[in-house]
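These notes concern the structure reproduced below.
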Amino acid sequence: MPRPLALAIAAALLCVGCSTADAGNGDEPAAASPSQSSSDSRAVRAAVAALREDSAGFRQEIELKGEGEVYGLTVTGGFDFAADKGHLAVDLPGGAIDHSDQVFADGKIYINGAQGIDEDAWGVMPRDRAEAHYLLRAPLNDPEHVLQQITEMRKISREGEENVQGVRAVHYRGVLDHRTVTRRMAPDVRTRMNQARDALGTDLPVFADAWVDGRGRLVQTRTSVNMSRTRATLTMTLSDIGEPVRVTVPRAADTVPLTKVGGILNG
């Protein structure tokens, strides 16, 4: 890669010492009446709640811009949210470790392709122990974490209708507060995020978007932050809603217990 990825990650994570003027406008949600905002909020939460009782395929596109460079990751897979199980693949073209596979089942996450784990082995850790190490990343790319953030959107406004994968959907936009943004972050990262918030004198300008089709189904989400010439965006597109998701759990003999997992592929 032309420059160390860590530089772009650090720039996207923090703006310690920048002023509020550095934050940019971020296309804030349009003002809405209290009754309209309440209606929009119910529509988004209902769509998330319905998906949590169903299954879907998904594709996440994660883009980080900073230090004059652009880096992109993709996370693809399928998840049975009702049964709390799924599988995903993470790809970072050109990375030192450019691919990782992860399986979610029985309250655990299995990871293949993590640093320090043999190629034929799987690391395993409790799902609720996984932590996020970067802004807008989910712990071990857990799509349920993204849904939790979307359901906590605030100041929601209806932005109109758009086509998402050939489907007409209503676009809703809101903001995420500091508590939502830093949930399940590793302690050292949360500390730096707190410092960034204190330096700004307000919550970081983190926006959230949700697209809901005419059947009340969530078809796409996005979280983004744009400040001090850096930008981080996570877009998750959902498909095959209601289709079965099959998961193959690694054999116990092929697993190695983990207490924590780092690296850009793992959030």
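Residue names in the structure tokens use chain letters A, B, ... in the order shown, residue numbers from 1 in each chain, and ligand numbers from 1 in the order shown.
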message = Going by DSSP on the backbone, which residues of region 46-114 of chain A come out as strand (DSSP E or B)? List them as a PyMOL selection string.
response = chain A and resi 55-66+69-80+85-91+99-105+108-112
query = Do you know which residues are at most 8 Å from Ala82 (chain A) counting only C-alpha atoms, after dropping those on the same chain fewer than 6 positions away, and could you put them as number ranges by chain?
reply = A: 52-55
Using only C-alpha atoms, tabulate the residues of region 77-114 of chain A lying at most 12 Å from any atom of region 125-140 of chain A, each with its closest atom pair and that distance in Å to one decimal, by chain and increasing residue number, as a tab-separated table.
residue	atom	partner	partner_atom	distance
A:Asp84	CA	A:Arg127	CA	10.2
A:Lys85	CA	A:Arg127	CA	10.7
A:His87	CA	A:Leu140	CA	11.4
A:Leu88	CA	A:Leu140	CA	10.1
A:Ala89	CA	A:Leu140	CA	10.9
A:Val90	CA	A:Leu140	CA	9.9
A:Ser100	CA	A:Leu140	CA	10.4
A:Asp101	CA	A:Leu140	CA	10.4
A:Gln102	CA	A:Leu140	CA	8.1
A:Val103	CA	A:Leu140	CA	10.1
A:Phe104	CA	A:Arg127	CA	7.7
A:Ala105	CA	A:Arg127	CA	8.7
A:Asp106	CA	A:Arg127	CA	8.8
A:Gly107	CA	A:Arg127	CA	5.4
A:Lys108	CA	A:Pro126	CA	4.4
A:Ile109	CA	A:Arg127	CA	5.4
A:Tyr110	CA	A:Met125	CA	6.8
A:Ile111	CA	A:Met125	CA	8.6
A:Asn112	CA	A:Leu140	CA	11.7
A:Ala114	CA	A:Leu140	CA	10.8
request  = Check the smallest atom-to-atom distance from each of A:Val124, A:Leu258, A:Ile150, A:Leu218 to Asp240 (chain A) using only C-alpha atoms, then report the winner.
outcome  =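 Using only C-alpha atoms, the shortest distance to Asp240 (chain A) belongs to A:Leu218.
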Hey, what's within 9 Å of Thr221 (chain A) if we count only C-alpha atoms and toss same-chain stuff fewer than 4 positions away? As an mmCIF file with N, CA and C atoms, in the first residue's frame, please?
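Okay, selection-v4.cif is ready:
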data_model
loop_
_atom_site.group_PDB
_atom_site.id
_atom_site.type_symbol
_atom_site.label_atom_id
_atom_site.label_comp_id
_atom_site.auth_asym_id
_atom_site.auth_seq_id
_atom_site.Cartn_x
_atom_site.Cartn_y
_atom_site.Cartn_z
ATOM 1 N N VAL A 146 -24.481 -2.948 13.880
ATOM 2 C CA VAL A 146 -24.908 -1.881 12.974
ATOM 3 C C VAL A 146 -26.403 -1.625 13.138
ATOM 4 N N LEU A 147 -27.183 -2.692 13.223
ATOM 5 C CA LEU A 147 -28.630 -2.530 13.399
ATOM 6 C C LEU A 147 -28.944 -1.825 14.713
ATOM 7 N N ILE A 150 -28.427 1.845 14.214
ATOM 8 C CA ILE A 150 -29.468 2.443 13.385
ATOM 9 C C ILE A 150 -30.750 2.641 14.184
ATOM 10 N N ALA A 208 -26.339 8.989 10.395
ATOM 11 C CA ALA A 208 -26.841 7.652 10.079
ATOM 12 C C ALA A 208 -27.987 7.781 9.089
ATOM 13 N N ASP A 209 -28.041 6.841 8.154
ATOM 14 C CA ASP A 209 -29.091 6.819 7.150
ATOM 15 C C ASP A 209 -29.699 5.425 7.089
ATOM 16 N N ALA A 210 -30.990 5.366 6.781
ATOM 17 C CA ALA A 210 -31.683 4.086 6.621
ATOM 18 C C ALA A 210 -32.641 4.205 5.449
ATOM 19 N N TRP A 211 -32.717 3.151 4.654
ATOM 20 C CA TRP A 211 -33.631 3.104 3.522
ATOM 21 C C TRP A 211 -34.631 1.977 3.764
ATOM 22 N N LEU A 234 -19.548 3.648 6.415
ATOM 23 C CA LEU A 234 -19.899 2.233 6.371
ATOM 24 C C LEU A 234 -21.305 2.116 5.789
ATOM 25 N N THR A 235 -21.394 1.496 4.619
ATOM 26 C CA THR A 235 -22.681 1.278 3.963
ATOM 27 C C THR A 235 -22.992 -0.209 3.969
ATOM 28 N N MET A 236 -24.178 -0.584 4.461
ATOM 29 C CA MET A 236 -24.595 -1.988 4.472
ATOM 30 C C MET A 236 -25.854 -2.142 3.628
ATOM 31 N N THR A 237 -25.763 -2.947 2.578
ATOM 32 C CA THR A 237 -26.894 -3.221 1.702
ATOM 33 C C THR A 237 -27.410 -4.622 1.990
ATOM 34 N N LEU A 238 -28.714 -4.753 2.148
ATOM 35 C CA LEU A 238 -29.337 -6.024 2.503
ATOM 36 C C LEU A 238 -30.059 -6.616 1.299
#
remark   = One residue among A:Gly78, A:Trp122, A:Glu67, A:Gly116 is nearest to Val249 (chain A) when using only C-alpha atoms, and that residue is A:Trp122
inquiry  = Taking the DSSP secondary structure from the backbone, can you list the residues of region 9-219 of chain A that are helix (DSSP H, G or I), as a ChimeraX atom specification?
reply    = /A:9-13,20-23,34-52,127-129,139-141,143-151,178-182,187-200
query = Between A:Leu265, A:Met185, A:Ala253, A:Leu64, which has the minimum distance to Arg231 (chain A) (counting only C-alpha atoms)?
reply =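 Using only C-alpha atoms, Arg231 (chain A) sits closest to A:Leu64.
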ask   = Which of these residues is nearest to Ala50 (chain A), using only C-alpha atoms: A:Lys65, A:Arg215, A:His178, A:Lys260?
value =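 For Ala50 (chain A), the nearest of the given residues is A:Arg215.
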message = Measuring between only C-alpha atoms, which one of A:Ala121, A:Ile62, A:Val175, A:Val212 shows the shortest distance to Thr233 (chain A)?
response =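 Using only C-alpha atoms, Thr233 (chain A) sits closest to A:Ile62.
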query = What gap, in Å, lies between CA of Arg192 (chain A) and CA of Thr151 (chain A)?
reply =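 A separation of 24.9 Å between them.
Take CA of Ala47 (chain A) and CA of Ile241 (chain A): the distance between them is 12.0 Å.
The space between CA of Thr191 (chain A) and CA of Ile156 (chain A) spans 27.9 Å.
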inquiry  = Nearest residue to Ile117 (chain A) out of A:Asn266, A:Arg184, A:Gly201, A:Thr255, using only C-alpha atoms?
reply    =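 Of A:Asn266, A:Arg184, A:Gly201, A:Thr255, the one nearest Ile117 (chain A) is A:Thr255, counting only C-alpha atoms.
Taking only C-alpha atoms, the non-local environment of Ser41 (chain A) within 10 Å (same-chain residues fewer than 5 positions away omitted) comprises Ser35, Gln36, Ala46, Thr151, Glu152, Met153, Arg154, Lys155, Ile156, Ser157, Arg158, Tyr172, Arg173 and Gly174 of chain A.
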Would you mind exporting N, CA and C atoms of the selected residues as an mmCIF file, in the first residue's frame?
data_model
loop_
_atom_site.group_PDB
_atom_site.id
_atom_site.type_symbol
_atom_site.label_atom_id
_atom_site.label_comp_id
_atom_site.auth_asym_id
_atom_site.auth_seq_id
_atom_site.Cartn_x
_atom_site.Cartn_y
_atom_site.Cartn_z
ATOM 1 N N SER A 35 -44.131 15.709 15.414
ATOM 2 C CA SER A 35 -44.988 14.592 15.029
ATOM 3 C C SER A 35 -44.407 13.832 13.848
ATOM 4 N N GLN A 36 -43.832 14.557 12.872
ATOM 5 C CA GLN A 36 -43.245 13.908 11.710
ATOM 6 C C GLN A 36 -42.003 13.134 12.111
ATOM 7 N N ALA A 46 -39.275 0.097 13.327
ATOM 8 C CA ALA A 46 -40.090 -1.054 12.943
ATOM 9 C C ALA A 46 -39.374 -1.888 11.888
ATOM 10 N N THR A 151 -31.087 1.709 15.046
ATOM 11 C CA THR A 151 -32.319 1.851 15.823
ATOM 12 C C THR A 151 -32.227 2.980 16.840
ATOM 13 N N GLU A 152 -30.998 3.456 17.114
ATOM 14 C CA GLU A 152 -30.801 4.553 18.067
ATOM 15 C C GLU A 152 -30.555 5.898 17.375
ATOM 16 N N MET A 153 -30.855 5.974 16.092
ATOM 17 C CA MET A 153 -30.772 7.265 15.392
ATOM 18 C C MET A 153 -31.637 8.309 16.089
ATOM 19 N N ARG A 154 -31.171 9.545 16.113
ATOM 20 C CA ARG A 154 -31.906 10.652 16.696
ATOM 21 C C ARG A 154 -32.119 11.730 15.629
ATOM 22 N N LYS A 155 -33.070 12.640 15.905
ATOM 23 C CA LYS A 155 -33.361 13.762 15.005
ATOM 24 C C LYS A 155 -33.605 13.257 13.578
ATOM 25 N N ILE A 156 -34.440 12.251 13.455
ATOM 26 C CA ILE A 156 -34.661 11.608 12.165
ATOM 27 C C ILE A 156 -35.563 12.456 11.270
ATOM 28 N N SER A 157 -35.192 12.552 10.008
ATOM 29 C CA SER A 157 -36.015 13.250 9.023
ATOM 30 C C SER A 157 -36.150 12.387 7.775
ATOM 31 N N ARG A 158 -37.238 12.585 7.068
ATOM 32 C CA ARG A 158 -37.484 11.870 5.824
ATOM 33 C C ARG A 158 -36.870 12.673 4.686
ATOM 34 N N TYR A 172 -34.321 7.809 5.164
ATOM 35 C CA TYR A 172 -34.373 8.535 6.430
ATOM 36 C C TYR A 172 -32.958 8.873 6.864
ATOM 37 N N ARG A 173 -32.791 10.046 7.458
ATOM 38 C CA ARG A 173 -31.467 10.472 7.932
ATOM 39 C C ARG A 173 -31.571 10.976 9.361
ATOM 40 N N GLY A 174 -30.551 10.660 10.158
ATOM 41 C CA GLY A 174 -30.501 11.131 11.534
ATOM 42 C C GLY A 174 -29.062 11.239 12.001
#
